[in-house]
Amino acid sequence: MTNGKTAPMTRIQQKNRQLILDGALGVFASNGFRGATIDQIAKAAGLSKPNVLYYFRSKDEIHKTLLTRLLEMWLAPLSRFDPKGDPLEEVLTYVRAKLHMSRDYPRESRLFANEILQGAPHLTEVLEEDLKTIVDRAVVVIAGWMDQGRLARVQPQHLIFSIWSMTQHYADFDVQVRAVLGPGHDPFDEAEKFLEQLYRKMLSV
């Protein structure tokens, strides 16, 4: 530390830190927070246990770092609503973005779901502040479109909740979805078409 500022990480340090987070993601997604250990994370990362603890003080810190980064990624599309854009297309773009995240980041989705089911012990502050702030802003935009008669009137917060549940289901219950659909089906391609039809009918004026 120099002049009260932390020195920037070297390329190797950045690489090792990412290896730890990538390894931990798989361990947490498979074993849950309680079942995961630093030894398992170190093995998955291809590093020694002391090396892992050099970058992160505890399992809790690794877990919270993963969750915070995940939440930032998930919230980004919600913060992009353009009040001047076409309301229906803005909402459908968000639906597609959330569905694609479920397709591309299934482990992250399950990690987040497990955290919420446990009462969000590592995310309470983030949920009550960052999440609520971004959702509140999106609600103002959605409500504005409805007040202008550009979008059918529904409860904005529950509209957002429905998008979350309808899209994340395909990641969190992937095995169930594929078992029901059977071979020869692309769950995400079919889901995208269905959800677009659903929300288009619900919100069109």
# chains A, B, ... in the order shown; residues from 1 in each chain; ligands from 1
>>> residues_around(residues="region 162-166 of chain A", least_positions_apart="5", cutoff="9 Å", atoms="only C-alpha atoms", output="JSON list (two decimals) with N, CA and C atoms, in the first residue's frame")
[["chain", "number", "residue", "atom", "x", "y", "z"],
["A", 94, "TYR", "N", -35.56, -6.49, -22.81],
["A", 94, "TYR", "CA", -35.16, -6.90, -21.47],
["A", 94, "TYR", "C", -35.47, -8.38, -21.24],
["A", 95, "VAL", "N", -36.63, -8.82, -21.69],
["A", 95, "VAL", "CA", -37.00, -10.24, -21.55],
["A", 95, "VAL", "C", -35.97, -11.12, -22.26],
["A", 98, "LYS", "N", -32.62, -11.23, -20.32],
["A", 98, "LYS", "CA", -32.66, -12.08, -19.13],
["A", 98, "LYS", "C", -32.69, -13.56, -19.52],
["A", 99, "LEU", "N", -33.41, -13.88, -20.59],
["A", 99, "LEU", "CA", -33.45, -15.28, -21.03],
["A", 99, "LEU", "C", -32.08, -15.73, -21.53],
["A", 157, "GLN", "N", -43.95, -3.47, -10.71],
["A", 157, "GLN", "CA", -43.03, -4.35, -9.97],
["A", 157, "GLN", "C", -43.31, -5.82, -10.26],
["A", 195, "LEU", "N", -42.33, -16.36, -24.83],
["A", 195, "LEU", "CA", -42.35, -15.20, -23.94],
["A", 195, "LEU", "C", -42.60, -13.91, -24.72]]
>>> closest_atom_pairs(of="region 65-114 of chain A", to="region 10-28 of chain A", cutoff="9 Å", atoms="only C-alpha atoms", output="tab-separated table")
residue	atom	partner	partner_atom	distance
A:Thr65	CA	A:Leu21	CA	8.2
A:Leu66	CA	A:Leu21	CA	6.8
A:Arg107	CA	A:Gly26	CA	7.0
A:Glu108	CA	A:Leu25	CA	7.2
A:Leu111	CA	A:Phe28	CA	6.7
>>> closest_residue(among="A:Thr133, A:Ser102, A:Ser204, A:Thr37", to="Ala191 (chain A)", atoms="only C-alpha atoms")
A:Ser102
>>> atom_distance(atom1="CA of Ala97 (chain A)", atom2="CA of Pro77 (chain A)")
6.9 Å
>>> select_by_dssp(residues="region 37-170 of chain A", states="alpha helix (DSSP H)", output="MDAnalysis selection string")
chainID A and resid 38:45 49:55 59:75 87:104 106:117 124:126 132:147 156:170
>>> write_last_selection(atoms="C-alpha atoms", output="tab-separated table (two decimals), in the first residue's frame")
chain	number	residue	atom	x	y	z
A	38	ILE	CA	-11.68	-23.66	0.44
A	39	ASP	CA	-9.88	-26.92	-0.38
A	40	GLN	CA	-12.45	-27.72	-3.08
A	41	ILE	CA	-12.17	-24.20	-4.48
A	42	ALA	CA	-8.38	-24.38	-4.52
A	43	LYS	CA	-8.49	-27.72	-6.36
A	44	ALA	CA	-10.98	-26.38	-8.92
A	45	ALA	CA	-8.83	-23.29	-9.47
A	49	LYS	CA	-5.12	-23.30	-0.42
A	50	PRO	CA	-2.69	-20.63	0.91
A	51	ASN	CA	-2.71	-19.03	-2.54
A	52	VAL	CA	-6.50	-18.81	-2.50
A	53	LEU	CA	-6.43	-17.26	0.97
A	54	TYR	CA	-3.88	-14.73	-0.24
A	55	TYR	CA	-6.49	-13.28	-2.60
A	59	LYS	CA	-15.07	-18.59	1.67
A	60	ASP	CA	-17.63	-15.91	2.55
A	61	GLU	CA	-15.65	-13.24	0.73
A	62	ILE	CA	-15.36	-15.37	-2.43
A	63	HIS	CA	-19.09	-16.11	-2.33
A	64	LYS	CA	-20.07	-12.47	-1.83
A	65	THR	CA	-17.74	-11.36	-4.63
A	66	LEU	CA	-19.34	-13.80	-7.06
A	67	LEU	CA	-22.87	-12.80	-6.06
A	68	THR	CA	-22.16	-9.07	-6.25
A	69	ARG	CA	-20.64	-9.38	-9.71
A	70	LEU	CA	-23.54	-11.53	-10.85
A	71	LEU	CA	-26.12	-9.06	-9.58
A	72	GLU	CA	-24.35	-6.20	-11.34
A	73	MET	CA	-24.45	-8.14	-14.60
A	74	TRP	CA	-28.13	-9.05	-14.19
A	75	LEU	CA	-29.17	-5.52	-13.28
A	87	PRO	CA	-42.15	0.71	-24.67
A	88	LEU	CA	-43.05	-2.75	-25.91
A	89	GLU	CA	-39.70	-3.24	-27.62
A	90	GLU	CA	-37.85	-1.97	-24.54
A	91	VAL	CA	-39.62	-4.56	-22.37
A	92	LEU	CA	-39.14	-7.37	-24.90
A	93	THR	CA	-35.45	-6.51	-25.22
A	94	TYR	CA	-35.16	-6.90	-21.47
A	95	VAL	CA	-37.00	-10.24	-21.55
A	96	ARG	CA	-34.62	-11.53	-24.23
A	97	ALA	CA	-31.57	-10.29	-22.32
A	98	LYS	CA	-32.66	-12.08	-19.13
A	99	LEU	CA	-33.45	-15.28	-21.03
A	100	HIS	CA	-30.08	-15.21	-22.77
A	101	MET	CA	-28.36	-14.74	-19.41
A	102	SER	CA	-30.15	-17.85	-18.12
A	103	ARG	CA	-28.95	-19.74	-21.20
A	104	ASP	CA	-25.36	-18.49	-21.02
A	106	PRO	CA	-26.88	-21.25	-15.72
A	107	ARG	CA	-24.46	-21.84	-12.83
A	108	GLU	CA	-24.62	-18.19	-11.86
A	109	SER	CA	-28.40	-18.30	-11.90
A	110	ARG	CA	-28.50	-21.32	-9.62
A	111	LEU	CA	-25.94	-19.74	-7.30
A	112	PHE	CA	-28.13	-16.66	-6.95
A	113	ALA	CA	-31.29	-18.75	-6.45
A	114	ASN	CA	-29.63	-20.72	-3.66
A	115	GLU	CA	-28.55	-17.51	-1.95
A	116	ILE	CA	-32.08	-16.11	-2.04
A	117	LEU	CA	-33.55	-19.37	-0.71
A	124	THR	CA	-29.11	-8.28	2.05
A	125	GLU	CA	-27.46	-4.87	1.86
A	126	VAL	CA	-26.99	-5.03	-1.91
A	132	LYS	CA	-34.13	-1.60	-5.12
A	133	THR	CA	-32.71	1.62	-6.56
A	134	ILE	CA	-32.46	0.20	-10.09
A	135	VAL	CA	-35.86	-1.49	-9.92
A	136	ASP	CA	-37.47	1.72	-8.62
A	137	ARG	CA	-36.04	3.66	-11.56
A	138	ALA	CA	-37.31	1.05	-14.04
A	139	VAL	CA	-40.75	1.17	-12.40
A	140	VAL	CA	-40.92	4.94	-12.90
A	141	VAL	CA	-40.16	4.50	-16.61
A	142	ILE	CA	-42.69	1.66	-17.05
A	143	ALA	CA	-45.37	3.55	-15.13
A	144	GLY	CA	-44.69	6.60	-17.30
A	145	TRP	CA	-45.32	4.58	-20.46
A	146	MET	CA	-48.57	3.31	-18.98
A	147	ASP	CA	-49.66	6.82	-17.98
A	156	PRO	CA	-44.85	-2.59	-12.82
A	157	GLN	CA	-43.03	-4.35	-9.97
A	158	HIS	CA	-44.92	-7.58	-10.60
A	159	LEU	CA	-44.23	-7.28	-14.30
A	160	ILE	CA	-40.52	-7.26	-13.47
A	161	PHE	CA	-40.92	-10.15	-11.01
A	162	SER	CA	-42.70	-12.18	-13.69
A	163	ILE	CA	-39.87	-11.58	-16.17
A	164	TRP	CA	-37.32	-12.71	-13.62
A	165	SER	CA	-39.22	-15.89	-12.76
A	166	MET	CA	-40.21	-16.75	-16.33
A	167	THR	CA	-36.66	-16.43	-17.65
A	168	GLN	CA	-34.59	-17.80	-14.75
A	169	HIS	CA	-36.79	-20.90	-14.59
A	170	TYR	CA	-35.04	-22.21	-17.69
